[in-house]
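Source file: coords02.pdb. Holds: PDB, C-alpha atoms.
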ATOM      1  CA  MET R   1      27.262  20.888  78.502
ATOM      2  CA  ILE R   2      25.682  24.197  77.539
ATOM      3  CA  GLU R   3      26.831  27.118  79.667
ATOM      4  CA  ARG R   4      23.920  29.376  80.609
ATOM      5  CA  LYS R   5      24.014  32.809  82.186
ATOM      6  CA  LEU R   6      22.440  33.398  85.583
ATOM      7  CA  LYS R   7      19.759  36.044  85.918
ATOM      8  CA  THR R   8      17.156  36.919  88.556
ATOM      9  CA  MET R   9      13.554  36.969  87.335
ATOM     10  CA  ASP R  10      10.070  35.742  88.147
ATOM     11  CA  GLY R  11       8.168  32.914  86.487
ATOM     12  CA  ASN R  12       6.210  35.149  84.139
ATOM     13  CA  THR R  13       9.402  36.730  82.799
ATOM     14  CA  ALA R  14      10.995  33.306  82.370
ATOM     15  CA  ALA R  15       8.046  32.080  80.294
ATOM     16  CA  ALA R  16       7.982  35.262  78.228
ATOM     17  CA  HIS R  17      11.739  35.051  77.587
ATOM     18  CA  VAL R  18      11.291  31.677  75.898
ATOM     19  CA  ALA R  19       7.964  32.521  74.237
ATOM     20  CA  TYR R  20       9.511  35.559  72.578
ATOM     21  CA  ALA R  21      12.271  33.399  71.102
ATOM     22  CA  PHE R  22       9.863  30.986  69.419
ATOM     23  CA  SER R  23       7.000  33.322  68.466
ATOM     24  CA  GLU R  24       6.328  35.393  65.391
ATOM     25  CA  VAL R  25       2.903  36.540  66.609
ATOM     26  CA  ALA R  26       1.574  36.932  70.152
ATOM     27  CA  ALA R  27      -2.160  37.585  70.428
ATOM     28  CA  ILE R  28      -2.860  38.905  73.917
ATOM     29  CA  TYR R  29      -5.573  40.085  76.244
ATOM     30  CA  PRO R  30      -4.016  40.879  79.634
ATOM     31  CA  ILE R  31      -5.544  39.132  82.643
ATOM     32  CA  THR R  32      -4.026  38.856  86.103
ATOM     33  CA  PRO R  33      -1.831  36.915  86.958
ATOM     34  CA  SER R  34      -0.593  36.313  83.390
ATOM     35  CA  SER R  35      -0.468  39.981  82.315
ATOM     36  CA  PRO R  36       3.291  40.436  82.943
ATOM     37  CA  MET R  37       4.058  37.839  80.248
ATOM     38  CA  ALA R  38       2.226  39.867  77.616
ATOM     39  CA  GLU R  39       3.685  43.114  78.961
ATOM     40  CA  SER R  40       7.241  41.755  78.723
ATOM     41  CA  MET R  41       6.634  40.614  75.141
ATOM     42  CA  ASP R  42       5.315  44.055  74.221
ATOM     43  CA  GLU R  43       8.255  45.800  75.892
ATOM     44  CA  TRP R  44      10.853  43.640  74.128
ATOM     45  CA  ALA R  45       9.150  44.130  70.769
ATOM     46  CA  SER R  46       9.291  47.908  71.301
ATOM     47  CA  GLU R  47      13.038  47.518  71.945
ATOM     48  CA  ASP R  48      13.412  45.678  68.612
ATOM     49  CA  ARG R  49      14.490  42.401  70.225
ATOM     50  CA  ARG R  50      14.798  39.633  67.632
ATOM     51  CA  ASN R  51      13.515  36.075  67.983
ATOM     52  CA  ILE R  52      15.211  32.913  66.684
ATOM     53  CA  PHE R  53      13.817  33.664  63.204
ATOM     54  CA  GLY R  54      15.568  37.044  63.176
ATOM     55  CA  GLU R  55      12.250  38.883  63.488
ATOM     56  CA  LYS R  56      10.555  41.220  65.925
ATOM     57  CA  VAL R  57       7.462  39.573  67.415
ATOM     58  CA  ASN R  58       4.167  41.027  66.191
ATOM     59  CA  ILE R  59       2.113  41.789  69.315
ATOM     60  CA  ILE R  60      -1.659  41.932  68.750
ATOM     61  CA  GLU R  61      -3.835  43.064  71.680
ATOM     62  CA  MET R  62      -7.456  42.018  71.262
ATOM     63  CA  GLU R  63     -10.629  43.121  73.071
ATOM     64  CA  SER R  64     -11.320  39.813  74.825
ATOM     65  CA  GLU R  65      -9.755  36.454  75.595
ATOM     66  CA  GLY R  66     -12.005  34.902  72.963
ATOM     67  CA  GLY R  67     -10.680  37.382  70.443
ATOM     68  CA  ALA R  68      -7.097  36.549  71.402
ATOM     69  CA  ALA R  69      -7.772  32.833  70.872
ATOM     70  CA  GLY R  70      -9.358  33.574  67.488
ATOM     71  CA  ALA R  71      -6.372  35.679  66.446
ATOM     72  CA  VAL R  72      -4.046  32.868  67.535
ATOM     73  CA  HIS R  73      -6.010  30.414  65.387
ATOM     74  CA  GLY R  74      -5.876  32.718  62.387
ATOM     75  CA  ALA R  75      -2.161  33.449  62.707
ATOM     76  CA  ILE R  76      -1.116  29.818  63.122
ATOM     77  CA  SER R  77      -3.288  28.823  60.152
ATOM     78  CA  THR R  78      -1.387  31.215  57.908
ATOM     79  CA  GLY R  79       2.029  29.857  58.901
ATOM     80  CA  SER R  80       3.144  32.096  61.783
ATOM     81  CA  TYR R  81       4.365  30.535  65.016
ATOM     82  CA  THR R  82       2.036  31.984  67.606
ATOM     83  CA  THR R  83       1.521  32.054  71.359
ATOM     84  CA  THR R  84      -0.764  33.592  73.932
ATOM     85  CA  PHE R  85      -0.911  34.019  77.703
ATOM     86  CA  THR R  86      -3.917  33.707  79.959
ATOM     87  CA  ALA R  87      -5.385  32.418  83.227
ATOM     88  CA  SER R  88      -8.591  31.602  85.068
ATOM     89  CA  GLN R  89     -11.828  32.577  83.312
ATOM     90  CA  GLY R  90      -9.750  33.935  80.446
ATOM     91  CA  LEU R  91      -8.570  30.428  79.607
ATOM     92  CA  LEU R  92     -12.131  29.108  79.669
ATOM     93  CA  LEU R  93     -13.188  31.736  77.132
ATOM     94  CA  MET R  94     -10.589  30.266  74.764
ATOM     95  CA  ILE R  95     -12.014  26.720  74.880
ATOM     96  CA  PRO R  96     -13.920  26.789  71.539
ATOM     97  CA  ASN R  97     -10.761  27.727  69.644
ATOM     98  CA  MET R  98      -8.669  25.269  71.669
ATOM     99  CA  TYR R  99     -10.699  22.379  70.248
ATOM    100  CA  LYS R 100      -9.935  23.638  66.739
ATOM    101  CA  LEU R 101      -6.249  24.236  67.461
ATOM    102  CA  ALA R 102      -5.861  20.686  68.798
ATOM    103  CA  GLY R 103      -8.037  19.082  66.119
ATOM    104  CA  GLU R 104      -6.037  20.751  63.360
ATOM    105  CA  GLN R 105      -2.764  19.711  65.071
ATOM    106  CA  THR R 106      -1.282  23.208  65.157
ATOM    107  CA  PRO R 107       2.237  23.854  66.549
ATOM    108  CA  MET R 108       1.388  26.572  69.048
ATOM    109  CA  VAL R 109       1.775  27.126  72.792
ATOM    110  CA  PHE R 110      -0.405  28.625  75.527
ATOM    111  CA  HIS R 111       1.436  29.817  78.654
ATOM    112  CA  VAL R 112      -0.922  29.862  81.636
ATOM    113  CA  ALA R 113      -0.335  31.288  85.126
ATOM    114  CA  ALA R 114      -2.893  28.946  86.647
ATOM    115  CA  ARG R 115      -5.319  30.044  89.341
ATOM    116  CA  ALA R 116      -8.714  29.258  90.841
ATOM    117  CA  LEU R 117     -11.799  29.970  88.802
ATOM    118  CA  ALA R 118     -14.127  32.584  90.253
ATOM    119  CA  THR R 119     -17.266  30.929  91.647
ATOM    120  CA  HIS R 120     -19.084  32.502  94.593
ATOM    121  CA  ALA R 121     -16.096  34.861  94.862
ATOM    122  CA  LEU R 122     -12.819  35.716  93.166
ATOM    123  CA  SER R 123      -9.769  33.872  94.490
ATOM    124  CA  ILE R 124      -6.169  34.546  93.560
ATOM    125  CA  PHE R 125      -4.900  31.454  95.369
ATOM    126  CA  GLY R 126      -5.998  27.924  95.982
ATOM    127  CA  ASP R 127      -6.088  25.653  92.989
ATOM    128  CA  HIS R 128      -5.585  25.035  89.280
ATOM    129  CA  SER R 129      -9.231  24.633  88.344
ATOM    130  CA  ASP R 130      -8.680  26.635  85.140
ATOM    131  CA  VAL R 131      -6.189  24.239  83.510
ATOM    132  CA  MET R 132      -8.090  21.235  84.859
ATOM    133  CA  SER R 133     -11.120  22.532  82.955
ATOM    134  CA  VAL R 134      -9.436  22.378  79.533
ATOM    135  CA  ARG R 135      -7.962  18.869  79.610
ATOM    136  CA  GLN R 136     -10.696  17.650  77.268
ATOM    137  CA  THR R 137      -9.748  20.075  74.477
ATOM    138  CA  GLY R 138      -6.862  17.930  73.245
ATOM    139  CA  PHE R 139      -3.897  20.126  74.183
ATOM    140  CA  ALA R 140      -0.825  18.388  75.555
ATOM    141  CA  MET R 141      -0.026  19.828  78.993
ATOM    142  CA  LEU R 142       3.236  20.518  80.818
ATOM    143  CA  CYS R 143       3.438  21.849  84.383
ATOM    144  CA  SER R 144       6.338  23.742  85.978
ATOM    145  CA  ASN R 145       6.659  24.054  89.752
ATOM    146  CA  ASN R 146       9.479  26.602  90.099
ATOM    147  CA  VAL R 147      10.981  29.463  88.126
ATOM    148  CA  GLN R 148      13.859  27.420  86.672
ATOM    149  CA  GLN R 149      11.406  24.823  85.434
ATOM    150  CA  VAL R 150       9.334  27.559  83.810
ATOM    151  CA  MET R 151      12.403  28.598  81.809
ATOM    152  CA  ASP R 152      13.250  25.017  80.860
ATOM    153  CA  LEU R 153       9.814  23.505  80.254
ATOM    154  CA  ALA R 154       8.675  26.532  78.279
ATOM    155  CA  ALA R 155      11.426  25.631  75.821
ATOM    156  CA  VAL R 156      10.348  21.968  75.891
ATOM    157  CA  ALA R 157       6.774  23.034  75.132
ATOM    158  CA  HIS R 158       7.752  25.113  72.105
ATOM    159  CA  LEU R 159      10.229  22.567  70.747
ATOM    160  CA  SER R 160       7.667  19.776  71.182
ATOM    161  CA  ALA R 161       4.959  21.779  69.431
ATOM    162  CA  ILE R 162       7.270  22.506  66.497
ATOM    163  CA  SER R 163       8.528  18.953  66.003
ATOM    164  CA  GLY R 164       5.311  17.198  67.064
ATOM    165  CA  LYS R 165       1.686  17.363  66.002
ATOM    166  CA  LEU R 166      -0.119  18.868  68.999
ATOM    167  CA  PRO R 167      -0.455  22.307  70.584
ATOM    168  CA  MET R 168       1.025  22.578  74.070
ATOM    169  CA  LEU R 169      -0.352  24.180  77.224
ATOM    170  CA  HIS R 170       2.486  25.077  79.590
ATOM    171  CA  PHE R 171       1.245  26.128  83.018
ATOM    172  CA  PHE R 172       2.564  27.053  86.441
ATOM    173  CA  ASP R 173       1.095  28.378  89.645
ATOM    174  CA  GLY R 174      -0.273  31.897  89.342
ATOM    175  CA  PHE R 175       0.789  34.359  92.081
ATOM    176  CA  ARG R 176       3.394  31.941  93.455
ATOM    177  CA  THR R 177       5.643  30.686  90.665
ATOM    178  CA  SER R 178       4.441  33.434  88.339
ATOM    179  CA  HIS R 179       5.546  36.247  90.665
ATOM    180  CA  GLU R 180       8.323  34.604  92.687
ATOM    181  CA  TYR R 181      11.838  35.888  91.964
ATOM    182  CA  GLN R 182      14.672  33.378  91.685
ATOM    183  CA  LYS R 183      18.176  33.380  90.253
ATOM    184  CA  ILE R 184      17.978  30.958  87.330
ATOM    185  CA  ARG R 185      19.910  29.808  84.282
ATOM    186  CA  ILE R 186      18.458  31.435  81.172
ATOM    187  CA  TRP R 187      18.463  30.340  77.537
ATOM    188  CA  ASP R 188      20.513  32.090  74.892
ATOM    189  CA  TYR R 189      18.433  32.472  71.717
ATOM    190  CA  ASP R 190      21.212  31.018  69.546
ATOM    191  CA  THR R 191      21.158  27.886  71.689
ATOM    192  CA  LEU R 192      17.376  27.591  71.353
ATOM    193  CA  ALA R 193      17.651  28.008  67.579
ATOM    194  CA  SER R 194      20.163  25.151  67.446
ATOM    195  CA  LEU R 195      17.627  22.833  69.115
ATOM    196  CA  VAL R 196      14.811  23.476  66.615
ATOM    197  CA  ASP R 197      13.717  20.865  64.079
ATOM    198  CA  TRP R 198      14.034  23.137  61.030
ATOM    199  CA  ASP R 199      12.645  20.462  58.708
ATOM    200  CA  ALA R 200       9.451  20.583  60.766
ATOM    201  CA  VAL R 201       9.425  24.371  60.421
ATOM    202  CA  ARG R 202       9.602  24.049  56.625
ATOM    203  CA  ARG R 203       6.760  21.493  56.611
ATOM    204  CA  PHE R 204       4.636  23.831  58.739
ATOM    205  CA  ARG R 205       5.234  26.766  56.391
ATOM    206  CA  ALA R 206       4.426  24.631  53.358
ATOM    207  CA  GLY R 207       1.083  23.559  54.840
ATOM    208  CA  ALA R 208      -0.081  27.058  55.755
ATOM    209  CA  LEU R 209      -3.176  28.599  54.179
ATOM    210  CA  ASN R 210      -2.016  30.416  51.082
ATOM    211  CA  PRO R 211      -3.910  31.451  47.929
ATOM    212  CA  ASN R 212      -0.958  30.200  45.850
ATOM    213  CA  HIS R 213      -1.452  26.622  47.058
ATOM    214  CA  PRO R 214      -5.067  26.369  48.329
ATOM    215  CA  HIS R 215      -6.399  23.358  50.196
ATOM    216  CA  LEU R 216      -9.581  22.399  51.983
ATOM    217  CA  LYS R 217      -9.847  23.048  55.719
ATOM    218  CA  GLY R 218     -12.684  23.116  58.228
ATOM    219  CA  SER R 219     -15.241  21.053  56.300
ATOM    220  CA  ALA R 220     -18.450  19.434  57.564
ATOM    221  CA  GLU R 221     -18.484  15.630  57.745
ATOM    222  CA  GLN R 222     -20.949  12.814  58.204
ATOM    223  CA  PRO R 223     -20.657  11.062  61.594
ATOM    224  CA  GLU R 224     -18.892   7.943  60.291
ATOM    225  CA  THR R 225     -16.204  10.046  58.543
ATOM    226  CA  PHE R 226     -15.874  12.452  61.446
ATOM    227  CA  PHE R 227     -15.333   9.569  63.887
ATOM    228  CA  GLN R 228     -12.671   7.947  61.701
ATOM    229  CA  HIS R 229     -10.751  11.216  61.495
ATOM    230  CA  ARG R 230     -10.947  11.638  65.271
ATOM    231  CA  GLU R 231      -9.627   8.096  65.721
ATOM    232  CA  ALA R 232      -6.811   8.768  63.260
ATOM    233  CA  ALA R 233      -5.657  11.629  65.494
ATOM    234  CA  ASN R 234      -4.767   9.092  68.203
ATOM    235  CA  THR R 235      -1.431   8.559  66.441
ATOM    236  CA  ALA R 236      -0.427  12.129  67.295
ATOM    237  CA  TYR R 237      -1.188  11.534  70.976
ATOM    238  CA  LEU R 238       0.729   8.257  71.058
ATOM    239  CA  GLU R 239       3.768  10.002  69.580
ATOM    240  CA  THR R 240       3.626  13.043  71.859
ATOM    241  CA  ALA R 241       5.251  11.445  74.915
ATOM    242  CA  ASP R 242       8.320  10.512  72.855
ATOM    243  CA  THR R 243       8.375  13.943  71.227
ATOM    244  CA  VAL R 244       8.368  15.682  74.618
ATOM    245  CA  ASN R 245      10.939  13.240  76.025
ATOM    246  CA  HIS R 246      13.239  13.975  73.084
ATOM    247  CA  ALA R 247      12.871  17.735  73.625
ATOM    248  CA  MET R 248      13.736  17.286  77.301
TER
END

Would you mind giving the structure from this file in structure tokens?
Amino acid sequence: MIERKLKTMDGNTAAAHVAYAFSEVAAIYPITPSSPMAESMDEWASEDRRNIFGEKVNIIEMESEGGAAGAVHGAISTGSYTTTFTASQGLLLMIPNMYKLAGEQTPMVFHVAARALATHALSIFGDHSDVMSVRQTGFAMLCSNNVQQVMDLAAVAHLSAISGKLPMLHFFDGFRTSHEYQKIRIWDYDTLASLVDWDAVRRFRAGALNPNHPHLKGSAEQPETFFQHREAANTAYLETADTVNHAM
């Protein structure tokens, strides 16, 4: 059994702790209630904290949530493990890129402090209408319901994305789980590194966009070809449950 240290933190810090370990790039646009995740990442990078790859995470702050999603797509396409953090309307502004990230089977993770979408008024409580609005994009989704689960399932999300074929959306309640302080067992980065499928990491690097080994990506297709490729992606979804179960 792995011995883990106890530490008091909130859900956002727990998610950021794991995200920092697995990320080489974090493209961010702070939005309440997810802002503390991005702020923690930025703080740790300024302190020269190293991730499981022995690197300092490159934090890129964009001018909109759409820009953050575009930066995520660009970074993951060039072979950098990437994450972002968002909530509410911010998540909805990322939908166009989410379809691409899922369709291209990219190993990245969104961490979402879920909250109600603003309709006739802004609400910081109430429901998870933001994450329910992106189910059709093709992301696999994991939900945590307390701070310890945020720490643990964040790791499951990243490990599953690396060894599987789908991007993961890990979410938890914004303003409750995200801001609630609990004493939890935290991950040591060496332990997380020992759980990674490093063969999958090498395959991901080898398939990245690179002028030294160019390949076609993002073409236009006739309907019959497009539909066959969409059907072929079903294999990735059928395998995902086993991939996540193995990570757990």

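Between atom CA of Leu93 of chain R and atom CA of Val244 of chain R the separation is 27.0 Å.
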
Find the spatial neighbours of Ile124 of chain R, counting only C-alpha atoms, within a cut-off of 9 Å - ignore same-chain residues fewer than 4 positions away - and output them as a list in words.
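Final neighbour list, sorted by chain and number: Thr32, Pro33, Arg115, Ala116, Leu117, Ala118, Gly174 and Phe175 of chain R.
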
Which one is closest to Ala193 of chain R: R:Ile162, R:Ala14, R:Ala27, R:Ala69? Count all atoms listed in the file.
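For Ala193 of chain R, the nearest of the candidates is R:Ile162.
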
Between atom CA of Ala206 of chain R and atom CA of Gly164 of chain R, what is the distance in Å, rounded to a tenth?
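Spanning atom CA of Ala206 of chain R to atom CA of Gly164 of chain R is a straight-line distance of 15.6 Å.
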
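Applied to the shown file, the PyMOL selection byres ((chain R and resi 127) around 8) selects the residues Ala114, Arg115, Ala116, Phe125, Gly126, His128 and Ser129 of chain R.
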
Hey, which bits of segment 26-135 of chain R sit within 9 Å of segment 166-169 of chain R, and for each residue what's the closest pair of atoms and how far apart in Å (one decimal), counting all atoms listed in the file, rows by chain and increasing number, as a Markdown table?
| residue | atom | partner | partner_atom | distance |
| --- | --- | --- | --- | --- |
| R:Met98 | CA | R:Pro167 | CA | 8.8 |
| R:Leu101 | CA | R:Pro167 | CA | 6.9 |
| R:Ala102 | CA | R:Pro167 | CA | 5.9 |
| R:Gly103 | CA | R:Leu166 | CA | 8.4 |
| R:Glu104 | CA | R:Leu166 | CA | 8.4 |
| R:Gln105 | CA | R:Leu166 | CA | 4.8 |
| R:Thr106 | CA | R:Pro167 | CA | 5.6 |
| R:Pro107 | CA | R:Pro167 | CA | 5.1 |
| R:Met108 | CA | R:Pro167 | CA | 4.9 |
| R:Val109 | CA | R:Met168 | CA | 4.8 |
| R:Phe110 | CA | R:Leu169 | CA | 4.8 |
| R:His111 | CA | R:Leu169 | CA | 6.1 |
| R:Val112 | CA | R:Leu169 | CA | 7.2 |
| R:Val131 | CA | R:Leu169 | CA | 8.6 |

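Here atom CA of Gly66 of chain R is placed at a distance of 15.9 Å from atom CA of Ser133 of chain R.
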
All residues 7 Å or closer to Thr78 of chain R, all atoms listed in the file, same chain fewer than 2 positions away omitted, as a short mmCIF file (atom, residue, chain, number, x, y, z; two decimals) with C-alpha atoms, in the frame of the given file:
data_model
loop_
_atom_site.label_atom_id
_atom_site.label_comp_id
_atom_site.auth_asym_id
_atom_site.auth_seq_id
_atom_site.Cartn_x
_atom_site.Cartn_y
_atom_site.Cartn_z
CA GLY R 74 -5.88 32.72 62.39
CA ALA R 75 -2.16 33.45 62.71
CA ILE R 76 -1.12 29.82 63.12
CA SER R 80 3.14 32.10 61.78
CA ALA R 208 -0.08 27.06 55.76
CA LEU R 209 -3.18 28.60 54.18
CA ASN R 210 -2.02 30.42 51.08
#

Matched chain/residue IDs from the PyMOL selection byres ((chain R and resi 41-43) around 9), as a list in words:
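For this structure, the PyMOL selection byres ((chain R and resi 41-43) around 9) resolves to Ala16, His17, Ala19, Tyr20, Ala26, Pro36, Met37, Ala38, Glu39, Ser40, Trp44, Ala45, Ser46, Glu47, Asp48, Val57, Asn58 and Ile59 of chain R.
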
Taking (7.2, 24.3, 84.8) in the file's coordinates as the center, which residues reach within 7 Å of it, counting all atoms listed in the file, put as a PDB file with C-alpha atoms, keeping the file's coordinate frame?
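Just written: part11.pdb:
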ATOM      1  CA  LEU R 142       3.236  20.518  80.818  1.00  0.00           C
ATOM      2  CA  CYS R 143       3.438  21.849  84.383  1.00  0.00           C
ATOM      3  CA  SER R 144       6.338  23.742  85.978  1.00  0.00           C
ATOM      4  CA  ASN R 145       6.659  24.054  89.752  1.00  0.00           C
ATOM      5  CA  ASN R 146       9.479  26.602  90.099  1.00  0.00           C
ATOM      6  CA  GLN R 149      11.406  24.823  85.434  1.00  0.00           C
ATOM      7  CA  VAL R 150       9.334  27.559  83.810  1.00  0.00           C
ATOM      8  CA  LEU R 153       9.814  23.505  80.254  1.00  0.00           C
ATOM      9  CA  PHE R 171       1.245  26.128  83.018  1.00  0.00           C
ATOM     10  CA  PHE R 172       2.564  27.053  86.441  1.00  0.00           C
TER      11      PHE R 172
END

Which is closest to Ile2 of chain R among R:Tyr237, R:Trp187, R:Trp198, R:Tyr181, if we use all atoms listed in the file?
R:Trp187

Which residues fall under the PyMOL selection byres ((chain R and resi 148) around 12) in this file, as a ChimeraX atom specification?
/R:4,6-15,18,144-147,149-155,172,177-178,180-187

Write a file of the selected residues as a PDB file, in the frame of the given file, keeping C-alpha atoms.
ATOM      1  CA  ARG R   4      23.920  29.376  80.609  1.00  0.00           C
ATOM      2  CA  LEU R   6      22.440  33.398  85.583  1.00  0.00           C
ATOM      3  CA  LYS R   7      19.759  36.044  85.918  1.00  0.00           C
ATOM      4  CA  THR R   8      17.156  36.919  88.556  1.00  0.00           C
ATOM      5  CA  MET R   9      13.554  36.969  87.335  1.00  0.00           C
ATOM      6  CA  ASP R  10      10.070  35.742  88.147  1.00  0.00           C
ATOM      7  CA  GLY R  11       8.168  32.914  86.487  1.00  0.00           C
ATOM      8  CA  ASN R  12       6.210  35.149  84.139  1.00  0.00           C
ATOM      9  CA  THR R  13       9.402  36.730  82.799  1.00  0.00           C
ATOM     10  CA  ALA R  14      10.995  33.306  82.370  1.00  0.00           C
ATOM     11  CA  ALA R  15       8.046  32.080  80.294  1.00  0.00           C
ATOM     12  CA  VAL R  18      11.291  31.677  75.898  1.00  0.00           C
ATOM     13  CA  SER R 144       6.338  23.742  85.978  1.00  0.00           C
ATOM     14  CA  ASN R 145       6.659  24.054  89.752  1.00  0.00           C
ATOM     15  CA  ASN R 146       9.479  26.602  90.099  1.00  0.00           C
ATOM     16  CA  VAL R 147      10.981  29.463  88.126  1.00  0.00           C
ATOM     17  CA  GLN R 149      11.406  24.823  85.434  1.00  0.00           C
ATOM     18  CA  VAL R 150       9.334  27.559  83.810  1.00  0.00           C
ATOM     19  CA  MET R 151      12.403  28.598  81.809  1.00  0.00           C
ATOM     20  CA  ASP R 152      13.250  25.017  80.860  1.00  0.00           C
ATOM     21  CA  LEU R 153       9.814  23.505  80.254  1.00  0.00           C
ATOM     22  CA  ALA R 154       8.675  26.532  78.279  1.00  0.00           C
ATOM     23  CA  ALA R 155      11.426  25.631  75.821  1.00  0.00           C
ATOM     24  CA  PHE R 172       2.564  27.053  86.441  1.00  0.00           C
ATOM     25  CA  THR R 177       5.643  30.686  90.665  1.00  0.00           C
ATOM     26  CA  SER R 178       4.441  33.434  88.339  1.00  0.00           C
ATOM     27  CA  GLU R 180       8.323  34.604  92.687  1.00  0.00           C
ATOM     28  CA  TYR R 181      11.838  35.888  91.964  1.00  0.00           C
ATOM     29  CA  GLN R 182      14.672  33.378  91.685  1.00  0.00           C
ATOM     30  CA  LYS R 183      18.176  33.380  90.253  1.00  0.00           C
ATOM     31  CA  ILE R 184      17.978  30.958  87.330  1.00  0.00           C
ATOM     32  CA  ARG R 185      19.910  29.808  84.282  1.00  0.00           C
ATOM     33  CA  ILE R 186      18.458  31.435  81.172  1.00  0.00           C
ATOM     34  CA  TRP R 187      18.463  30.340  77.537  1.00  0.00           C
TER      35      TRP R 187
END
